[in-house]
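Heads up, my_file.cif below (mmCIF, C-alpha atoms):
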data_upload
#
loop_
_atom_site.label_atom_id
_atom_site.label_comp_id
_atom_site.auth_asym_id
_atom_site.auth_seq_id
_atom_site.Cartn_x
_atom_site.Cartn_y
_atom_site.Cartn_z
CA GLN K 94 0.00 0.00 0.00
CA THR K 95 1.09 3.57 -0.66
CA SER K 96 1.49 6.08 2.18
CA GLU K 97 -1.71 7.80 0.98
CA GLU K 98 -3.67 4.52 1.13
CA ILE K 99 -2.38 3.78 4.64
CA LEU K 100 -3.28 7.31 5.78
CA HIS K 101 -6.78 6.84 4.33
CA HIS K 102 -7.12 3.45 6.08
CA LEU K 103 -6.06 4.91 9.44
CA GLN K 104 -8.39 7.88 8.98
CA ASN K 105 -11.26 5.41 8.44
CA ILE K 106 -10.39 3.63 11.71
CA VAL K 107 -10.36 6.91 13.68
CA ASP K 108 -13.56 8.19 12.01
CA PHE K 109 -15.38 4.91 12.65
CA GLY K 110 -14.59 5.11 16.38
CA LYS K 111 -15.42 8.82 16.54
CA HIS K 112 -18.63 8.99 14.48
CA VAL K 113 -20.10 5.50 14.84
CA MET K 114 -18.95 3.51 17.88
CA LYS K 115 -19.07 6.52 20.22
CA GLN K 116 -22.75 6.80 19.32
CA PHE K 117 -23.33 3.23 20.52
CA PHE K 118 -21.06 3.14 23.56
CA GLY K 119 -20.74 6.74 24.74
CA GLU K 120 -18.05 9.40 25.01
CA ASN K 121 -16.25 8.08 28.11
CA TYR K 122 -15.97 4.47 26.95
CA VAL K 123 -14.51 4.88 23.44
CA HIS K 124 -11.01 6.24 22.73
CA HIS K 125 -10.79 6.71 18.97
CA GLY K 126 -7.20 8.01 18.97
CA GLU K 127 -5.54 10.40 16.56
CA ILE K 128 -3.27 10.01 13.54
CA ILE K 129 0.33 11.09 14.02
CA GLN K 130 3.51 11.04 11.93
CA LEU K 131 6.64 9.33 13.21
CA PRO K 132 10.27 9.44 12.05
CA LEU K 133 10.89 6.29 9.99
CA ASP K 134 14.13 5.57 11.88
CA PHE K 135 12.18 5.48 15.15
CA VAL K 136 9.59 3.08 13.64
CA ARG K 137 12.33 0.73 12.38
CA GLN K 138 14.04 0.68 15.78
CA LEU K 139 10.70 0.05 17.50
CA CYS K 140 9.95 -2.83 15.12
CA LEU K 141 13.28 -4.51 15.96
CA LYS K 142 12.81 -3.94 19.69
CA ILE K 143 9.33 -5.47 19.96
CA GLN K 144 9.86 -8.42 17.58
CA PRO K 145 11.27 -10.79 20.28
CA GLU K 146 8.29 -9.95 22.55
CA ARG K 147 5.61 -10.81 19.99
CA PRO K 148 3.77 -14.14 20.19
CA GLU K 149 4.69 -16.61 17.46
CA SER K 150 1.18 -16.53 16.00
CA ARG K 151 1.54 -12.78 15.30
CA CYS K 152 5.02 -12.82 13.73
CA ASP K 153 3.66 -13.30 10.21
CA LYS K 154 2.11 -9.81 10.44
CA ASP K 155 4.67 -7.07 9.77
CA MET K 156 4.68 -3.60 11.27
CA ASP K 157 4.35 -0.79 8.71
CA THR K 158 7.83 0.76 8.64
CA LEU K 159 7.44 2.70 5.39
CA SER K 160 4.56 5.18 5.64
CA GLY K 161 5.47 6.93 8.92
CA TYR K 162 1.79 7.18 9.91
CA ALA K 163 0.37 5.70 13.11
CA VAL K 164 -2.63 5.97 15.40
CA CYS K 165 -1.85 7.26 18.89
CA LEU K 166 -4.08 5.70 21.56
CA PRO K 167 -4.11 5.91 25.38
CA ASN K 168 -2.72 3.08 27.50
CA LEU K 169 -5.97 1.51 28.68
CA THR K 170 -4.27 -0.40 31.48
CA ARG K 171 -4.16 2.99 33.26
CA LEU K 172 -7.08 5.03 34.61
CA GLN K 173 -8.61 6.99 31.73
CA THR K 174 -11.41 9.13 33.04
CA TYR K 175 -9.74 10.99 35.89
CA ARG K 176 -6.33 12.43 36.62
CA PHE K 177 -4.80 10.44 39.43
CA VAL K 178 -1.51 10.03 41.25
CA GLU K 179 0.63 8.02 38.83
CA HIS K 180 2.69 6.24 41.48
CA ARG K 181 -0.41 4.46 42.80
CA PRO K 182 -0.57 0.79 41.78
CA ILE K 183 -3.02 0.10 38.96
CA LEU K 184 -4.86 -3.15 38.41
CA CYS K 185 -6.46 -3.73 35.01
CA ILE K 186 -8.78 -6.53 33.90
CA GLU K 187 -9.36 -7.08 30.19
CA ILE K 188 -12.46 -9.11 29.26
CA LYS K 189 -13.52 -10.17 25.76
CA PRO K 190 -17.18 -10.97 26.56
CA LYS K 191 -18.18 -12.32 23.08
CA CYS K 192 -21.80 -12.60 21.84
CA GLY K 193 -24.34 -12.20 24.67
CA PHE K 194 -27.55 -13.40 23.00
CA ILE K 195 -28.99 -16.41 21.20
CA PRO K 196 -30.22 -15.86 17.61
CA PHE K 197 -33.94 -15.17 17.38
CA SER K 198 -34.06 -14.90 13.58
CA SER K 199 -36.57 -17.00 11.63
CA HIS K 200 -33.81 -17.58 9.04
CA VAL K 201 -31.97 -19.95 11.41
CA SER K 202 -32.08 -23.43 9.85
CA GLN K 203 -30.86 -25.54 12.80
CA GLU K 204 -32.99 -25.54 15.95
CA ILE K 205 -29.87 -26.00 18.12
CA LYS K 206 -28.91 -22.37 17.39
CA HIS K 207 -32.07 -21.26 19.20
CA LYS K 208 -30.98 -23.21 22.30
CA VAL K 209 -27.16 -23.15 22.55
CA CYS K 210 -25.09 -20.00 22.10
CA ARG K 211 -22.39 -19.62 19.46
CA TYR K 212 -19.57 -19.37 22.02
CA CYS K 213 -20.45 -22.63 23.79
CA MET K 214 -20.73 -24.49 20.48
CA HIS K 215 -17.48 -23.00 19.12
CA GLN K 216 -15.56 -24.16 22.21
CA HIS K 217 -15.88 -27.80 21.15
CA LEU K 218 -14.60 -27.14 17.63
CA LYS K 219 -11.65 -25.14 18.99
CA VAL K 220 -10.67 -27.98 21.35
CA ALA K 221 -10.95 -30.50 18.48
CA ASN K 222 -8.70 -28.29 16.31
CA GLY K 223 -6.11 -28.08 19.10
CA LYS K 224 -6.52 -24.35 19.82
CA TRP K 225 -7.38 -25.07 23.47
CA LYS K 226 -6.76 -28.08 25.67
CA ARG K 227 -10.25 -28.15 27.21
CA PRO K 228 -13.53 -26.25 26.85
CA SER K 229 -14.27 -23.32 29.13
CA LYS K 230 -17.34 -23.27 31.39
CA TYR K 231 -17.77 -19.58 30.57
CA CYS K 232 -21.03 -18.70 28.78
CA PRO K 233 -21.50 -15.09 27.58
CA LEU K 234 -25.25 -15.21 28.30
CA ASP K 235 -24.49 -15.65 32.01
CA LEU K 236 -22.28 -12.52 32.00
CA PHE K 237 -24.84 -10.47 30.04
CA SER K 238 -27.76 -11.66 32.21
CA GLY K 239 -27.39 -8.89 34.82
CA ASN K 240 -28.03 -11.59 37.45
CA LYS K 241 -25.16 -11.32 39.95
CA GLN K 242 -25.10 -15.05 40.71
CA ARG K 243 -24.81 -15.91 37.01
CA MET K 244 -22.27 -13.13 36.43
CA HIS K 245 -20.11 -14.38 39.32
CA PHE K 246 -20.22 -17.90 37.84
CA ALA K 247 -19.25 -16.57 34.39
CA LEU K 248 -16.30 -14.57 35.77
CA LYS K 249 -15.11 -17.48 37.91
CA SER K 250 -15.22 -19.68 34.79
CA LEU K 251 -13.16 -17.10 32.90
CA LEU K 252 -10.59 -17.08 35.69
CA GLN K 253 -10.42 -20.89 35.63
CA GLU K 254 -10.00 -21.09 31.85
CA ALA K 255 -8.94 -17.67 30.62
CA GLN K 256 -8.13 -18.61 27.00
CA ASN K 257 -7.95 -15.26 25.19
CA ASN K 258 -11.08 -13.90 26.89
CA LEU K 259 -9.49 -12.62 30.11
CA LYS K 260 -6.21 -10.96 31.04
CA ILE K 261 -5.11 -9.20 34.22
CA PHE K 262 -2.39 -6.54 34.30
CA LYS K 263 -0.61 -4.96 37.26
CA ASN K 264 0.97 -1.59 36.47
CA GLY K 265 0.69 -2.44 32.77
CA GLU K 266 2.38 -5.85 33.03
CA LEU K 267 0.48 -9.06 32.25
CA ILE K 268 0.22 -11.17 35.42
CA TYR K 269 -2.63 -13.53 34.48
CA GLY K 270 -4.00 -14.90 31.22
CA CYS K 271 -2.78 -16.41 27.97
CA LYS K 272 0.34 -15.08 26.35
CA GLU K 273 -0.17 -17.53 23.47
CA ASP K 274 -2.88 -20.01 22.53
CA GLN K 275 -1.62 -22.80 24.78
CA ASP K 276 0.58 -20.87 27.22
CA CYS K 277 -1.92 -20.09 29.99
CA VAL K 278 -0.88 -18.75 33.36
CA SER K 279 -3.69 -20.02 35.59
CA ASP K 280 -2.17 -20.32 39.05
CA TRP K 281 -4.72 -18.79 41.42
CA ASN K 282 -2.26 -18.76 44.32
CA GLU K 283 0.19 -16.69 42.28
CA LEU K 284 -2.64 -14.37 41.24
CA ALA K 285 -3.75 -13.99 44.87
CA ARG K 286 -0.19 -13.03 45.84
CA HIS K 287 -0.33 -10.16 43.32
CA LEU K 288 -3.84 -9.08 44.35
CA LYS K 289 -3.54 -9.30 48.13
CA PRO K 290 -2.07 -5.77 48.61
CA PHE K 291 -5.03 -4.36 46.61
CA PHE K 292 -7.82 -6.12 48.49
CA PHE K 293 -6.29 -6.63 51.94
CA PRO K 294 -3.73 -3.84 52.36
CA SER K 295 -3.40 -4.35 56.13
CA ASN K 296 -2.11 -7.90 55.44
CA GLY K 297 -4.35 -9.27 58.21
CA LEU K 298 -5.63 -12.24 56.22
CA VAL K 299 -4.04 -15.62 56.74
CA SER K 300 -2.41 -17.28 53.76
CA GLY K 301 -3.41 -20.57 52.18
CA PRO K 302 -6.34 -21.81 50.05
CA HIS K 303 -8.92 -19.89 52.09
CA CYS K 304 -7.00 -16.66 51.47
CA THR K 305 -6.80 -17.37 47.72
CA ARG K 306 -10.52 -18.11 47.44
CA THR K 307 -11.40 -14.97 49.42
CA ILE K 308 -9.24 -12.72 47.23
CA VAL K 309 -10.62 -14.22 44.00
CA LYS K 310 -14.15 -13.72 45.34
CA GLU K 311 -13.38 -10.05 46.07
CA LEU K 312 -11.96 -9.63 42.55
CA ILE K 313 -15.10 -11.13 40.98
CA HIS K 314 -17.28 -8.82 43.10
CA VAL K 315 -15.34 -5.74 41.96
CA ILE K 316 -15.48 -6.73 38.28
CA THR K 317 -19.24 -7.37 38.52
CA MET K 318 -19.93 -4.01 40.18
CA THR K 319 -17.87 -2.05 37.64
CA LEU K 320 -19.51 -3.85 34.71
CA LEU K 321 -22.96 -2.95 36.08
CA SER K 322 -22.00 0.67 36.73
CA SER K 323 -22.61 3.63 34.45
CA THR K 324 -19.77 6.15 34.14
CA ASP K 325 -21.12 7.95 31.08
CA ALA K 326 -23.95 10.48 31.21
CA CYS K 327 -24.37 10.15 27.42
CA ARG K 328 -27.57 8.33 26.41
CA ALA K 329 -25.91 6.44 23.54
CA GLY K 330 -27.13 3.10 24.88
CA ASP K 331 -30.76 4.19 24.54
CA MET K 332 -30.84 3.70 20.79
CA LYS K 333 -33.91 1.62 19.99
CA THR K 334 -32.72 -1.76 18.75
CA VAL K 335 -34.13 -5.16 19.62
CA PRO K 336 -35.60 -5.91 23.04
CA VAL K 337 -33.50 -8.52 24.82
CA SER K 338 -36.70 -10.34 25.81
CA GLN K 339 -37.22 -11.26 22.15
CA GLY K 340 -34.47 -13.86 22.44
CA ARG K 341 -33.92 -16.66 24.92
CA SER K 342 -32.10 -15.35 28.01
CA TYR K 343 -30.14 -18.51 28.78
CA CYS K 344 -28.06 -21.12 26.97
CA GLU K 345 -28.82 -24.81 27.42
CA ALA K 346 -25.10 -25.66 27.31
CA SER K 347 -24.20 -23.25 30.14
CA ALA K 348 -22.65 -25.10 33.10
CA PHE K 349 -24.64 -22.79 35.40
CA ASN K 350 -27.89 -23.76 33.67
CA LYS K 351 -27.04 -27.49 33.81
CA GLU K 352 -26.34 -27.21 37.54
CA LEU K 353 -29.75 -25.60 38.08
CA VAL K 354 -31.49 -28.37 36.13
CA ARG K 355 -29.63 -31.00 38.16
CA ASN K 356 -30.96 -29.37 41.30
CA GLY K 357 -34.52 -29.52 40.00
CA LYS K 358 -34.79 -25.83 39.05
CA HIS K 359 -35.79 -25.05 35.49
CA LYS K 360 -36.27 -21.28 35.62
CA LEU K 361 -33.31 -18.95 35.39
CA GLU K 362 -33.52 -15.53 36.97
CA SER K 363 -32.57 -12.84 34.45
CA SER K 364 -32.29 -9.56 36.30
CA GLY K 365 -31.48 -7.55 33.19
CA LEU K 366 -28.69 -5.01 32.73
CA PRO K 367 -28.88 -1.35 33.81
CA ARG K 368 -29.40 0.71 30.65
CA GLY K 369 -26.38 2.92 31.24
CA CYS K 370 -23.77 0.20 31.77
CA LEU K 371 -21.27 -0.80 29.10
CA LEU K 372 -22.51 -4.42 28.92
CA TYR K 373 -26.01 -3.17 28.03
CA LYS K 374 -24.65 -0.91 25.31
CA THR K 375 -22.44 -3.71 23.97
CA LEU K 376 -25.42 -6.09 23.82
CA GLN K 377 -27.57 -3.52 22.01
CA ALA K 378 -24.88 -3.10 19.34
CA GLN K 379 -24.48 -6.89 19.03
CA MET K 380 -28.22 -7.28 18.51
CA LEU K 381 -28.04 -5.28 15.28
CA ASP K 382 -27.44 -8.78 13.90
CA VAL K 383 -31.20 -9.30 13.58
CA LEU K 384 -31.14 -11.78 10.68
CA ASP K 385 -28.29 -14.08 11.79
CA ILE K 386 -25.55 -14.89 9.26
CA GLU K 387 -27.96 -17.34 7.55
CA GLY K 388 -30.44 -14.56 6.79
CA LEU K 389 -27.69 -12.05 6.06
CA TYR K 390 -25.67 -14.06 3.52
CA PRO K 391 -28.26 -13.88 0.68
CA LEU K 392 -28.38 -10.09 1.17
CA TYR K 393 -24.57 -9.94 0.99
CA SER K 394 -24.79 -11.91 -2.29
CA ARG K 395 -27.31 -9.34 -3.59
CA VAL K 396 -24.89 -6.50 -2.88
CA GLU K 397 -22.01 -8.47 -4.45
CA GLN K 398 -24.03 -9.11 -7.61
CA TYR K 399 -24.84 -5.39 -7.85
CA LEU K 400 -21.17 -4.45 -7.42
CA GLU K 401 -20.16 -6.87 -10.20
CA GLU K 402 -22.48 -5.00 -12.56
CA PHE K 403 -21.69 -1.52 -11.22
CA PRO K 404 -18.20 -1.58 -9.59
CA GLU K 405 -18.01 2.21 -9.65
CA GLU K 406 -20.87 2.32 -7.09
CA ARG K 407 -18.69 0.87 -4.31
CA SER K 408 -17.62 4.29 -3.03
CA THR K 409 -21.18 5.72 -3.33
CA LEU K 410 -22.48 2.87 -1.17
CA GLN K 411 -19.84 3.73 1.49
CA ILE K 412 -18.71 0.10 1.82
CA ASP K 413 -15.14 1.24 2.55
CA GLY K 414 -16.07 4.50 4.23
CA PRO K 415 -16.12 7.35 4.84
CA TYR K 416 -17.52 6.46 8.25
CA ASN K 417 -19.24 9.73 9.04
CA GLU K 418 -22.56 10.90 10.49
CA ALA K 419 -24.37 9.94 7.28
CA PHE K 420 -23.05 6.37 7.58
CA TYR K 421 -24.30 6.20 11.18
CA GLU K 422 -27.75 7.56 10.25
CA LYS K 423 -28.26 4.71 7.76
CA LEU K 424 -27.68 2.18 10.56
CA LEU K 425 -30.77 3.39 12.41
CA ASP K 426 -33.18 1.73 9.97
CA LEU K 427 -34.12 -1.42 11.91
CA SER K 428 -36.85 -2.70 9.59
CA THR K 429 -36.66 -6.39 8.66
CA GLU K 430 -39.16 -6.28 5.78
CA ASP K 431 -37.10 -7.04 2.66
CA ASP K 432 -38.26 -4.87 -0.24
CA GLY K 433 -35.81 -6.54 -2.61
CA THR K 434 -33.60 -3.46 -3.00
CA VAL K 435 -29.84 -3.19 -2.80
CA ALA K 436 -30.30 -0.35 -0.26
CA PHE K 437 -32.10 -2.69 2.18
CA ALA K 438 -29.49 -5.43 1.68
CA LEU K 439 -26.61 -3.01 2.22
CA THR K 440 -28.15 -1.58 5.43
CA LYS K 441 -28.43 -5.10 6.90
CA VAL K 442 -24.85 -5.92 5.82
CA GLN K 443 -23.50 -2.76 7.50
CA GLN K 444 -25.52 -3.44 10.67
CA TYR K 445 -24.12 -6.99 10.73
CA ARG K 446 -20.54 -5.61 10.49
CA ILE K 447 -21.22 -3.33 13.47
CA ALA K 448 -22.69 -6.27 15.41
CA MET K 449 -19.64 -8.43 14.63
CA THR K 450 -17.37 -5.62 15.85
CA ALA K 451 -19.33 -5.43 19.13
CA LYS K 452 -19.21 -9.23 19.50
CA ASP K 453 -15.41 -9.18 19.31
CA CYS K 454 -14.56 -6.06 21.35
CA SER K 455 -12.68 -6.02 24.67
CA ILE K 456 -13.66 -4.25 27.88
CA MET K 457 -10.87 -2.79 30.02
CA ILE K 458 -11.49 -2.15 33.72
CA ALA K 459 -8.71 -0.14 35.41
CA LEU K 460 -8.74 0.00 39.24
CA SER K 461 -6.66 2.01 41.65
CA PRO K 462 -6.93 1.98 45.47
CA CYS K 463 -8.10 5.25 47.01
CA LEU K 464 -8.42 6.46 50.58
CA GLN K 465 -11.82 7.48 51.92
CA ASP K 466 -11.01 11.19 52.04
CA GLU K 467 -9.72 11.09 48.43
CA CYS K 468 -12.89 9.61 46.94
CA SER K 469 -15.00 12.56 45.82
CA GLU K 470 -18.38 12.41 44.14
CA GLN K 471 -16.73 13.16 40.80
CA ARG K 472 -14.93 9.81 40.77
CA PRO K 473 -16.74 6.47 40.46
CA VAL K 474 -15.86 4.25 43.42
CA VAL K 475 -16.38 0.55 44.08
CA LEU K 476 -16.11 -0.88 47.61
CA THR K 477 -14.86 -4.24 48.86
CA SER K 478 -14.79 -5.57 52.43
CA LYS K 479 -11.41 -3.94 53.20
CA SER K 480 -10.68 -1.60 50.27
CA ARG K 481 -12.12 0.99 47.96
CA PHE K 482 -11.15 1.63 44.36
CA THR K 483 -11.62 4.40 41.88
CA PHE K 484 -12.02 2.97 38.39
CA SER K 485 -12.46 3.61 34.69
CA VAL K 486 -14.11 1.35 32.12
CA SER K 487 -13.13 1.49 28.43
CA VAL K 488 -13.82 -0.50 25.30
CA LEU K 489 -11.28 -1.31 22.61
CA ASP K 490 -10.78 -3.43 19.45
CA LEU K 491 -13.49 -1.45 17.70
CA ASP K 492 -12.13 -1.60 14.14
CA LEU K 493 -15.03 -2.30 11.77
CA LYS K 494 -15.10 -5.96 10.68
CA PRO K 495 -14.24 -6.28 6.96
CA TYR K 496 -17.03 -6.52 4.41
CA GLU K 497 -15.04 -9.31 2.72
CA SER K 498 -15.11 -11.50 5.86
CA ILE K 499 -18.84 -12.30 5.54
CA PRO K 500 -18.41 -15.47 3.37
CA HIS K 501 -15.87 -16.76 5.93
CA GLN K 502 -18.34 -16.12 8.76
CA TYR K 503 -21.05 -17.99 6.86
CA LYS K 504 -18.84 -21.07 6.35
CA LEU K 505 -17.53 -20.97 9.93
CA ASP K 506 -21.08 -20.84 11.31
CA GLY K 507 -21.94 -24.04 9.41
CA LYS K 508 -18.78 -25.79 10.64
CA ILE K 509 -19.44 -24.85 14.28
CA VAL K 510 -23.06 -26.03 14.23
CA ASN K 511 -22.39 -29.26 12.30
CA TYR K 512 -19.50 -30.23 14.57
CA TYR K 513 -21.61 -29.61 17.66
CA LEU K 514 -24.57 -31.61 16.34
CA LYS K 515 -22.40 -34.55 15.32
CA ASN K 516 -19.93 -34.73 18.19
CA VAL K 517 -21.55 -33.14 21.23
CA GLN K 518 -25.33 -33.23 21.03
CA ALA K 519 -25.24 -36.72 19.48
CA LYS K 520 -23.45 -38.06 22.57
CA ASP K 521 -26.11 -36.55 24.83
CA ASP K 522 -28.96 -37.92 22.73
CA PRO K 523 -28.92 -41.74 22.27
CA VAL K 524 -31.22 -41.56 19.23
CA MET K 525 -28.95 -39.00 17.52
CA SER K 526 -25.90 -40.96 18.61
CA ASN K 527 -27.08 -44.06 16.72
CA LEU K 528 -27.61 -42.00 13.57
CA PHE K 529 -23.99 -40.81 13.58
CA LYS K 530 -22.29 -44.10 14.42
CA GLU K 531 -20.48 -45.38 11.35
CA ASN K 532 -18.40 -48.51 10.72
CA GLU K 533 -18.15 -49.46 14.38
CA ASP K 534 -17.06 -53.03 15.19
CA CYS K 535 -19.81 -55.01 16.91
CA THR K 536 -19.56 -58.22 18.85
CA LEU K 537 -22.60 -60.49 19.13
CA VAL K 538 -22.65 -62.42 22.40
CA LEU K 539 -24.95 -65.51 22.58
CA HIS K 540 -26.20 -66.78 25.94
CA THR K 541 -27.67 -70.25 26.48
CA VAL K 542 -31.31 -70.15 27.45
#
Can the structure from this file be put into structure tokens for me?
Amino acid sequence: QTSEEILHHLQNIVDFGKHVMKQFFGENYVHHGEIIQLPLDFVRQLCLKIQPERPESRCDKDMDTLSGYAVCLPNLTRLQTYRFVEHRPILCIEIKPKCGFIPFSSHVSQEIKHKVCRYCMHQHLKVANGKWKRPSKYCPLDLFSGNKQRMHFALKSLLQEAQNNLKIFKNGELIYGCKEDQDCVSDWNELARHLKPFFFPSNGLVSGPHCTRTIVKELIHVITMTLLSSTDACRAGDMKTVPVSQGRSYCEASAFNKELVRNGKHKLESSGLPRGCLLYKTLQAQMLDVLDIEGLYPLYSRVEQYLEEFPEERSTLQIDGPYNEAFYEKLLDLSTEDDGTVAFALTKVQQYRIAMTAKDCSIMIALSPCLQDECSEQRPVVLTSKSRFTFSVSVLDLDLKPYESIPHQYKLDGKIVNYYLKNVQAKDDPVMSNLFKENEDCTLVLHTV
């Protein structure tokens, strides 16, 4: 790419955060950054310096050392919203919550998609492909439920099997989570050693397993309270999308749900999320995916067919930007009645891209201890049994998902569902199991009568 093309690409990223995602998430949560120019010698030195630190899976992606353009963003492992004493220790939790609802679209062809969430199904395929050693008990629907018991279970499951959905930093340094796909640091005792000064500064708690469990419990409480808080007066989350009640509020594969059923309870409490909190806003943006990929793919094909006939229309349709106020306004049309036009198809495609971006974003919670007399009304504060923290919540990884990735998403969806039906649900259902058994050796045993 030329320097001009790279500048244009970076400008699109900044504009998308500024004019589109800030409308969904709010001013305080989104940091769109700014484009800066850097001396090429500095960029080359930086590239050499960071190369040994990069995970192997990322080394095939090269840093741009030719254009001199970059996006400058804040360090989200630090407190963002308020000026604070920099020498104070900072704890930061990064969570990638994933998709928090079950498809409610009539275009869904497999009934299992109306019962089991995408994340829980995908876990089994990832384990089979060797990406992870074992499936996680985390289910996004538990985290997005607003029910504290379910949220605590979801966060505990993330801590037990972090994968790439949870990381914890202390003063900007990773102390817990996956550095690479299989390299997971999951020692709770080591984590508790790092966290103890934050949650029990007087050091009055005895050590041992009880201490570790208590500290982890305090951490889960703090994360839950910050996720349910609202630190943005902006009413961006009030955009009318799809009521959460339209979809099922629980996933049949959730370990929490299975435990309830085992105990004879079949009704899950769903408290709902406060409208101002970041999880609520994230879920609303995710639910722009009203048709599911199965309903969306034919519309994508309609747009593709139109572009084959009229390639010069690509820029008019704003497929590659600019991502301005006009682009955002088009996203507000939530009708699902297909009038057969390219305009309708394109609106649904763009809404799907926004939803995919929201499904893959990360939430950063930065915490710093504060004394009682320091905690003014201007700063959000969360309390634990022995400590109090001021905090900021931010969202990142908000680059718009590529238009060209839609065929891949369609194929991946089919793979995930088919693998789950054949290898997971079939084992739970003896009738299904018999349908999928092929070429198995059988031994006939005869008994005298």
I'd like the residues picked by the PyMOL selection byres ((chain K and resi 509) around 10) written out as a list in words, using the chain letters and numbers from the file.
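So the PyMOL selection byres ((chain K and resi 509) around 10), applied here, picks out Arg211, Tyr212, Cys213, Met214, His215, Gln216, His217, Leu218, Lys219, Lys504, Leu505, Asp506, Gly507, Lys508, Val510, Asn511, Tyr512, Tyr513 and Leu514 of chain K.
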Please produce a file of the residues just selected, as an mmCIF file, in the coordinates of the input, where the atoms kept are C-alpha atoms.
data_model
loop_
_atom_site.group_PDB
_atom_site.id
_atom_site.type_symbol
_atom_site.label_atom_id
_atom_site.label_comp_id
_atom_site.auth_asym_id
_atom_site.auth_seq_id
_atom_site.Cartn_x
_atom_site.Cartn_y
_atom_site.Cartn_z
ATOM 1 C CA ARG K 211 -22.390 -19.620 19.460
ATOM 2 C CA TYR K 212 -19.570 -19.370 22.020
ATOM 3 C CA CYS K 213 -20.450 -22.630 23.790
ATOM 4 C CA MET K 214 -20.730 -24.490 20.480
ATOM 5 C CA HIS K 215 -17.480 -23.000 19.120
ATOM 6 C CA GLN K 216 -15.560 -24.160 22.210
ATOM 7 C CA HIS K 217 -15.880 -27.800 21.150
ATOM 8 C CA LEU K 218 -14.600 -27.140 17.630
ATOM 9 C CA LYS K 219 -11.650 -25.140 18.990
ATOM 10 C CA LYS K 504 -18.840 -21.070 6.350
ATOM 11 C CA LEU K 505 -17.530 -20.970 9.930
ATOM 12 C CA ASP K 506 -21.080 -20.840 11.310
ATOM 13 C CA GLY K 507 -21.940 -24.040 9.410
ATOM 14 C CA LYS K 508 -18.780 -25.790 10.640
ATOM 15 C CA VAL K 510 -23.060 -26.030 14.230
ATOM 16 C CA ASN K 511 -22.390 -29.260 12.300
ATOM 17 C CA TYR K 512 -19.500 -30.230 14.570
ATOM 18 C CA TYR K 513 -21.610 -29.610 17.660
ATOM 19 C CA LEU K 514 -24.570 -31.610 16.340
#
Do you have the atom CA of Glu352 of chain K-atom CA of Lys230 of chain K distance handy?
11.6 Å
Which one of K:Asp382, K:Gly119, K:Tyr399, K:Ala348 sits closest to Leu424 of chain K if you count all atoms listed in the file?
K:Asp382
For a test of reading the model, state the distance in Å between atom CA of Trp281 of chain K and atom CA of Leu184 of chain K, rounded to one decimal.
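Separating atom CA of Trp281 of chain K from atom CA of Leu184 of chain K is a distance of 15.9 Å.
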Just the residues within 10 Å of segment 140-157 of chain K, please, counting all atoms listed in the file, with nothing from its chain fewer than 3 positions along; format it as number ranges by chain.
K: 94, 96, 99, 133-137, 160-163, 272-274
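Note that atom CA of Ile186 of chain K and atom CA of Lys111 of chain K are 24.1 Å apart.
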Let me know the residues the PyMOL selection byres ((chain K and resi 323) around 6) catches in the file above, as a PDB file with C-alpha atoms, in the coordinates of the input.
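Writing done, so here's expr12.pdb:
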ATOM      1  CA  SER K 322     -22.000   0.670  36.730  1.00  0.00           C
ATOM      2  CA  THR K 324     -19.770   6.150  34.140  1.00  0.00           C
ATOM      3  CA  ASP K 325     -21.120   7.950  31.080  1.00  0.00           C
ATOM      4  CA  GLY K 369     -26.380   2.920  31.240  1.00  0.00           C
ATOM      5  CA  CYS K 370     -23.770   0.200  31.770  1.00  0.00           C
TER       6      CYS K 370
END
For the file shown, what are the residues hit by the PyMOL selection byres ((chain K and resi 420) around 10), laid out as a count of residues only?
19
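With distances taken from (-20.9, -2.5, -6.4) and restricted to only C-alpha atoms, the residues inside 12 Å are Tyr393, Ser394, Arg395, Val396, Glu397, Gln398, Tyr399, Leu400, Glu401, Glu402, Phe403, Pro404, Glu405, Glu406, Arg407, Ser408, Thr409, Leu410, Gln411, Ile412, Asp413, Val435, Ala436 and Leu439 of chain K.
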